[in-house]
Amino acid sequence: MPQPDKKTAKHDHARHDHDRHAQDATVKLAQELVRVASVTALKAEDQPESRRSIDLAVEAAEKSGATATRMEFEGDHPKWDYPVENVYLEWNLGPANDDDGEPVRHICYIGHLDVVPPGDAAKWTQDPFSGTIKDGYLHGRGVTDMKGSVAAFITAVEDLQKELKAGGKVKISMILTTDEEWAAVNGTNKVLQWLKQKGEAPDAFIVGEPSSQDELGSHIKIGRRGSLVGTFNVAGVQGHAAYQELFENPNRALALAIAILNSHEWKDGNEHFPNTNFEAVALKSGDFNASAIIPGKAEMMWNIRFTPDQTPDGLEKWIKDALANPPDWAKNHPDAPLLKNITVTANKDTASVPYYSEPADLALSAQKAVKTVLGKDAELDGSGGTTDGRFAAQVFPKAEIIELGLPERGGIACEKHKPEDYLSRGGMHQIDERAALDDLVNLREIFKETVKNYGQQQRKPASKRPAPQPGPAPGGAG
Ligand SMILES: [Zn+2]
């Protein structure tokens with residue numbers, strides 16, 4: 001798709017045909033998918049909607065010759081054991097081996113068809129499951145996260161079919177789950193493990209989640225940091241604030257502990273990936289109606305966002321060591337003796353795992369595709385929350401992974417929208433979730449170009465990226 005003429009887009013809104021893509025194959029498939037109210041099914045009654053969303057995707061993919069393997073997984077968790085509907089789609093469009101007799105490279109798209117609930121439907125301008133097309137946008141819960149992206153990929157393969165049959169040197173597959181938004185116990189992770197048992201080893205994964213904030217193609221994700229949360233419980237000795245030498249103020253201990261931990265300089269990031277960081281996110285202590293009392297206890301919650309060089313165990317140890325053996329400047333601090341009053345708890349069982357995929361052929365193919373379709377230079381980065389990409393990194397550590405999808409905020413930067421809409425509605429998980437028709441069509445073109453570019457690359461010796469391994473003890477190398 002050529003880039004829309006900026007001048008026209010700016011000055012000619014009234015006459016600009018916003019809905020010229022309303023009959024486009026990608027838009028129509030996205031619309032069909034949005035019309036299924038496939039909120040993550042935690043009960044049997046809701047299963048039919050999940051199944052129907054998969055039916056539609058399978059039907060569309062079969063048009064271009066996909067074979068579908070459906071699988072339902074359940075159990076494996078004391079709380080989140082509900083059954084989940086999944087599908088694996090595979091297209092065998094070209095020869096299985098390339099000219100040198102090597103198996104062609106395998107590229108696998110990962111996506112989900114479940115959506116978060118619409119919230120108060122009365123607040124929506126359109127019915128959240130109507131799939132209304134208006135003013136250049138397709139409206140509906142889940143269109144950005146991420147039915148629009150799924151539709152774009154399926155229709156991209158349909159378009160590519162002929163070219164790939166003629167020797168496209170790439171095998172394409174797709175994993176779709178109906179539980180990404182909730183526990184994700186019986187979704188993508190299980191399908192990946194099934195795939196591995198089958199002896200398949202995709203060379204590359206495209207996670208189709210929203211990957212940029214405002215504009216399609218501004219960013220491509222190549223990893224995500226992990227997250228570890230915990231608390232400090234600080235014991236003190238309560239007393240009169242005028243006789244501080246007689247008591248132990250837990251706030252002094254907390255202040256020094258935060259200063260110590262934040263003085264550590266992490267150097268485990270790189271040009272694409274932010275360093276690990278420690279944040280004090282909530283504090284509880286004292287009484288704002290009692291100005292003369294040193295409190296008897298204090299509590300703090302912290303959150304560490306960490307790179308694949310760190311582990312939850314290592315980070316817990318780092319905190320404990322830093323408080324037990326503080327740096328020299330803190331050792332001599334008058335409040336240093338209070339540090340022993342801090343009890344550290346790390347919620348390791350709920351930690352989410354990070355991943356980082358060193359940019360190689362796939363990231364370059366996608367960047368080139370964005371340049372061709374939109375004329376933009378996509379930035380590679382590893383910011384944002386966690387996705388199913390972490391499972392791909394765990395099950396297939398040698399594969400390259402990127403995340404590329406629609407803009408998180410629904411592409412509402414268009415000035416036709418009221419500025420007050422920005423950030424308050426229109427984005428993923430928000431009221432009036434929507435996706436620009438232009439973005440849907442352009443994303444399909446980007447997927448097509450990415451697959452083509454990737455298929456043209458020479459197969460290189462197995463990825464240079466080493467398997468993730470427990471990194472050096474945090475604090476040691478950093
Ligand atoms: Zn999503």
# chains A, B, ... in the order shown; residues from 1 in each chain; ligands from 1
>>> residues_near_ligand(ligand="ligand 1", cutoff="9 Å", atoms="only C-alpha atoms and all ligand atoms", output="list in words")
Gly111, His112, Leu113, Asp114, Val115, Gly142, Thr144, Asp145, Met146, Lys147, Glu180, Glu181, Gly208, Glu209, Pro210, Thr387, Asp388 and Met428 of chain A
>>> select_by_dssp(residues="segment 275-396 of chain A", states="alpha helix (DSSP H)", output="ChimeraX atom specification")
/A:312-324,328-331,361-374,389-395
>>> write_last_selection(atoms="C-alpha atoms", output="PDB file, in the first residue's frame")
ATOM      1  CA  PRO A 312      13.670 -14.138  40.554  1.00  0.00           C
ATOM      2  CA  ASP A 313      15.900 -16.154  42.936  1.00  0.00           C
ATOM      3  CA  GLY A 314      18.924 -14.054  42.056  1.00  0.00           C
ATOM      4  CA  LEU A 315      17.012 -10.806  42.525  1.00  0.00           C
ATOM      5  CA  GLU A 316      15.725 -11.862  45.938  1.00  0.00           C
ATOM      6  CA  LYS A 317      19.292 -12.669  46.934  1.00  0.00           C
ATOM      7  CA  TRP A 318      20.490  -9.327  45.553  1.00  0.00           C
ATOM      8  CA  ILE A 319      18.050  -7.414  47.775  1.00  0.00           C
ATOM      9  CA  LYS A 320      18.895  -9.404  50.894  1.00  0.00           C
ATOM     10  CA  ASP A 321      22.652  -9.099  50.306  1.00  0.00           C
ATOM     11  CA  ALA A 322      22.426  -5.369  49.591  1.00  0.00           C
ATOM     12  CA  LEU A 323      20.613  -4.758  52.890  1.00  0.00           C
ATOM     13  CA  ALA A 324      22.844  -7.097  54.909  1.00  0.00           C
ATOM     14  CA  ASP A 328      30.388   1.824  52.194  1.00  0.00           C
ATOM     15  CA  TRP A 329      28.503   5.117  52.036  1.00  0.00           C
ATOM     16  CA  ALA A 330      25.425   3.412  53.560  1.00  0.00           C
ATOM     17  CA  LYS A 331      27.386   1.381  56.103  1.00  0.00           C
ATOM     18  CA  ASP A 361      16.679 -12.210   9.694  1.00  0.00           C
ATOM     19  CA  LEU A 362      13.076 -11.889  10.861  1.00  0.00           C
ATOM     20  CA  ALA A 363      13.477  -8.505  12.554  1.00  0.00           C
ATOM     21  CA  LEU A 364      15.345  -7.209   9.507  1.00  0.00           C
ATOM     22  CA  SER A 365      12.680  -8.632   7.177  1.00  0.00           C
ATOM     23  CA  ALA A 366       9.959  -6.895   9.181  1.00  0.00           C
ATOM     24  CA  GLN A 367      11.827  -3.590   9.304  1.00  0.00           C
ATOM     25  CA  LYS A 368      12.316  -3.732   5.553  1.00  0.00           C
ATOM     26  CA  ALA A 369       8.602  -4.527   5.125  1.00  0.00           C
ATOM     27  CA  VAL A 370       7.524  -1.535   7.223  1.00  0.00           C
ATOM     28  CA  LYS A 371       9.835   0.673   5.173  1.00  0.00           C
ATOM     29  CA  THR A 372       8.358  -0.637   1.913  1.00  0.00           C
ATOM     30  CA  VAL A 373       4.712  -0.323   2.975  1.00  0.00           C
ATOM     31  CA  LEU A 374       4.756   2.808   5.121  1.00  0.00           C
ATOM     32  CA  GLY A 389       6.122 -14.498  23.268  1.00  0.00           C
ATOM     33  CA  ARG A 390       7.708 -15.669  26.528  1.00  0.00           C
ATOM     34  CA  PHE A 391       6.376 -19.193  25.917  1.00  0.00           C
ATOM     35  CA  ALA A 392       7.863 -19.340  22.424  1.00  0.00           C
ATOM     36  CA  ALA A 393      11.222 -18.265  23.881  1.00  0.00           C
ATOM     37  CA  GLN A 394      11.060 -21.014  26.498  1.00  0.00           C
ATOM     38  CA  VAL A 395       9.924 -23.876  24.274  1.00  0.00           C
TER      39      VAL A 395
END
>>> closest_residue(among="A:Thr155, A:Asn270, A:Asn277, A:Gln31", to="Tyr356 of chain A", atoms="only C-alpha atoms")
A:Asn270
>>> residues_around(residues="segment 188-201 of chain A", least_positions_apart="4", cutoff="12 Å", atoms="only C-alpha atoms", output="VMD selection string")
chain A and resid 69 to 76 83 to 90 103 to 113 171 173 to 181 183 to 184 205 207 387 to 400 462
>>> residues_around(residues="Ser352 of chain A", least_positions_apart="5", cutoff="10 Å", atoms="only C-alpha atoms", output="PDB file with N, CA and C atoms, in the first residue's frame")
ATOM      1  N   ARG A 224      10.588  -8.859  25.968  1.00  0.00           N
ATOM      2  CA  ARG A 224       9.858  -8.174  27.038  1.00  0.00           C
ATOM      3  C   ARG A 224      10.599  -8.447  28.335  1.00  0.00           C
ATOM      4  N   ARG A 225      10.642  -7.450  29.219  1.00  0.00           N
ATOM      5  CA  ARG A 225      11.267  -7.690  30.513  1.00  0.00           C
ATOM      6  C   ARG A 225      10.342  -8.509  31.407  1.00  0.00           C
ATOM      7  N   GLY A 226      10.920  -9.163  32.396  1.00  0.00           N
ATOM      8  CA  GLY A 226      10.127  -9.894  33.371  1.00  0.00           C
ATOM      9  C   GLY A 226       9.709  -8.971  34.503  1.00  0.00           C
ATOM     10  N   SER A 227       8.879  -9.485  35.385  1.00  0.00           N
ATOM     11  CA  SER A 227       8.388  -8.674  36.490  1.00  0.00           C
ATOM     12  C   SER A 227       8.352  -9.498  37.775  1.00  0.00           C
ATOM     13  N   LEU A 228       8.957  -8.949  38.830  1.00  0.00           N
ATOM     14  CA  LEU A 228       8.931  -9.597  40.144  1.00  0.00           C
ATOM     15  C   LEU A 228       8.438  -8.577  41.168  1.00  0.00           C
ATOM     16  N   VAL A 229       7.446  -8.994  41.967  1.00  0.00           N
ATOM     17  CA  VAL A 229       6.873  -8.096  42.974  1.00  0.00           C
ATOM     18  C   VAL A 229       7.167  -8.671  44.355  1.00  0.00           C
ATOM     19  N   ARG A 305      11.441  -4.797  37.306  1.00  0.00           N
ATOM     20  CA  ARG A 305      11.332  -5.208  35.902  1.00  0.00           C
ATOM     21  C   ARG A 305      12.725  -5.659  35.498  1.00  0.00           C
ATOM     22  N   PHE A 306      12.853  -6.888  35.036  1.00  0.00           N
ATOM     23  CA  PHE A 306      14.207  -7.422  34.854  1.00  0.00           C
ATOM     24  C   PHE A 306      14.452  -8.050  33.497  1.00  0.00           C
ATOM     25  N   PRO A 312      14.335 -14.520  39.305  1.00  0.00           N
ATOM     26  CA  PRO A 312      13.670 -14.138  40.554  1.00  0.00           C
ATOM     27  C   PRO A 312      14.490 -14.534  41.789  1.00  0.00           C
ATOM     28  N   GLY A 385       4.524  -4.761  28.705  1.00  0.00           N
ATOM     29  CA  GLY A 385       4.194  -5.874  29.593  1.00  0.00           C
ATOM     30  C   GLY A 385       4.484  -7.217  28.947  1.00  0.00           C
ATOM     31  N   THR A 386       4.088  -8.293  29.611  1.00  0.00           N
ATOM     32  CA  THR A 386       4.426  -9.625  29.092  1.00  0.00           C
ATOM     33  C   THR A 386       3.380 -10.128  28.094  1.00  0.00           C
ATOM     34  N   THR A 387       3.798 -11.029  27.181  1.00  0.00           N
ATOM     35  CA  THR A 387       2.905 -11.636  26.189  1.00  0.00           C
ATOM     36  C   THR A 387       3.233 -13.127  26.067  1.00  0.00           C
ATOM     37  N   ARG A 390       6.831 -15.036  25.530  1.00  0.00           N
ATOM     38  CA  ARG A 390       7.708 -15.669  26.528  1.00  0.00           C
ATOM     39  C   ARG A 390       7.655 -17.192  26.418  1.00  0.00           C
TER      40      ARG A 390
END
>>> closest_residue(among="A:Arg425, A:Ile222, A:Ser211, A:Pro407", to="Leu440 of chain A", atoms="only C-alpha atoms")
A:Pro407
>>> closest_residue(among="A:Val344, A:Ile293, A:Gly187, A:Val58", to="Ala151 of chain A", atoms="only C-alpha atoms")
A:Val58
>>> closest_residue(among="A:Ile412, A:Met300, A:Leu56, A:Val185", to="Ile154 of chain A", atoms="only C-alpha atoms")
A:Leu56
>>> closest_residue(among="A:His272, A:Arg252, A:Lys123, A:Arg444", to="Gly236 of chain A", atoms="only C-alpha atoms")
A:Arg252
>>> select_by_dssp(residues="segment 315-477 of chain A", states="strand (DSSP E or B)", output="PyMOL selection string")
chain A and resi 342-346+352+355-356+379-381+400-403+407+434-436
>>> atom_distance(atom1="atom CA of Ala66 of chain A", atom2="atom CA of Gly94 of chain A")
12.4 Å
>>> residues_around(residues="Trp302 of chain A", least_positions_apart="3", cutoff="10 Å", atoms="only C-alpha atoms", output="PyMOL selection string")
chain A and resi 228-232+258+278-283+345-346
>>> atom_distance(atom1="atom CA of Lys376 of chain A", atom2="atom CA of Ile446 of chain A")
11.5 Å
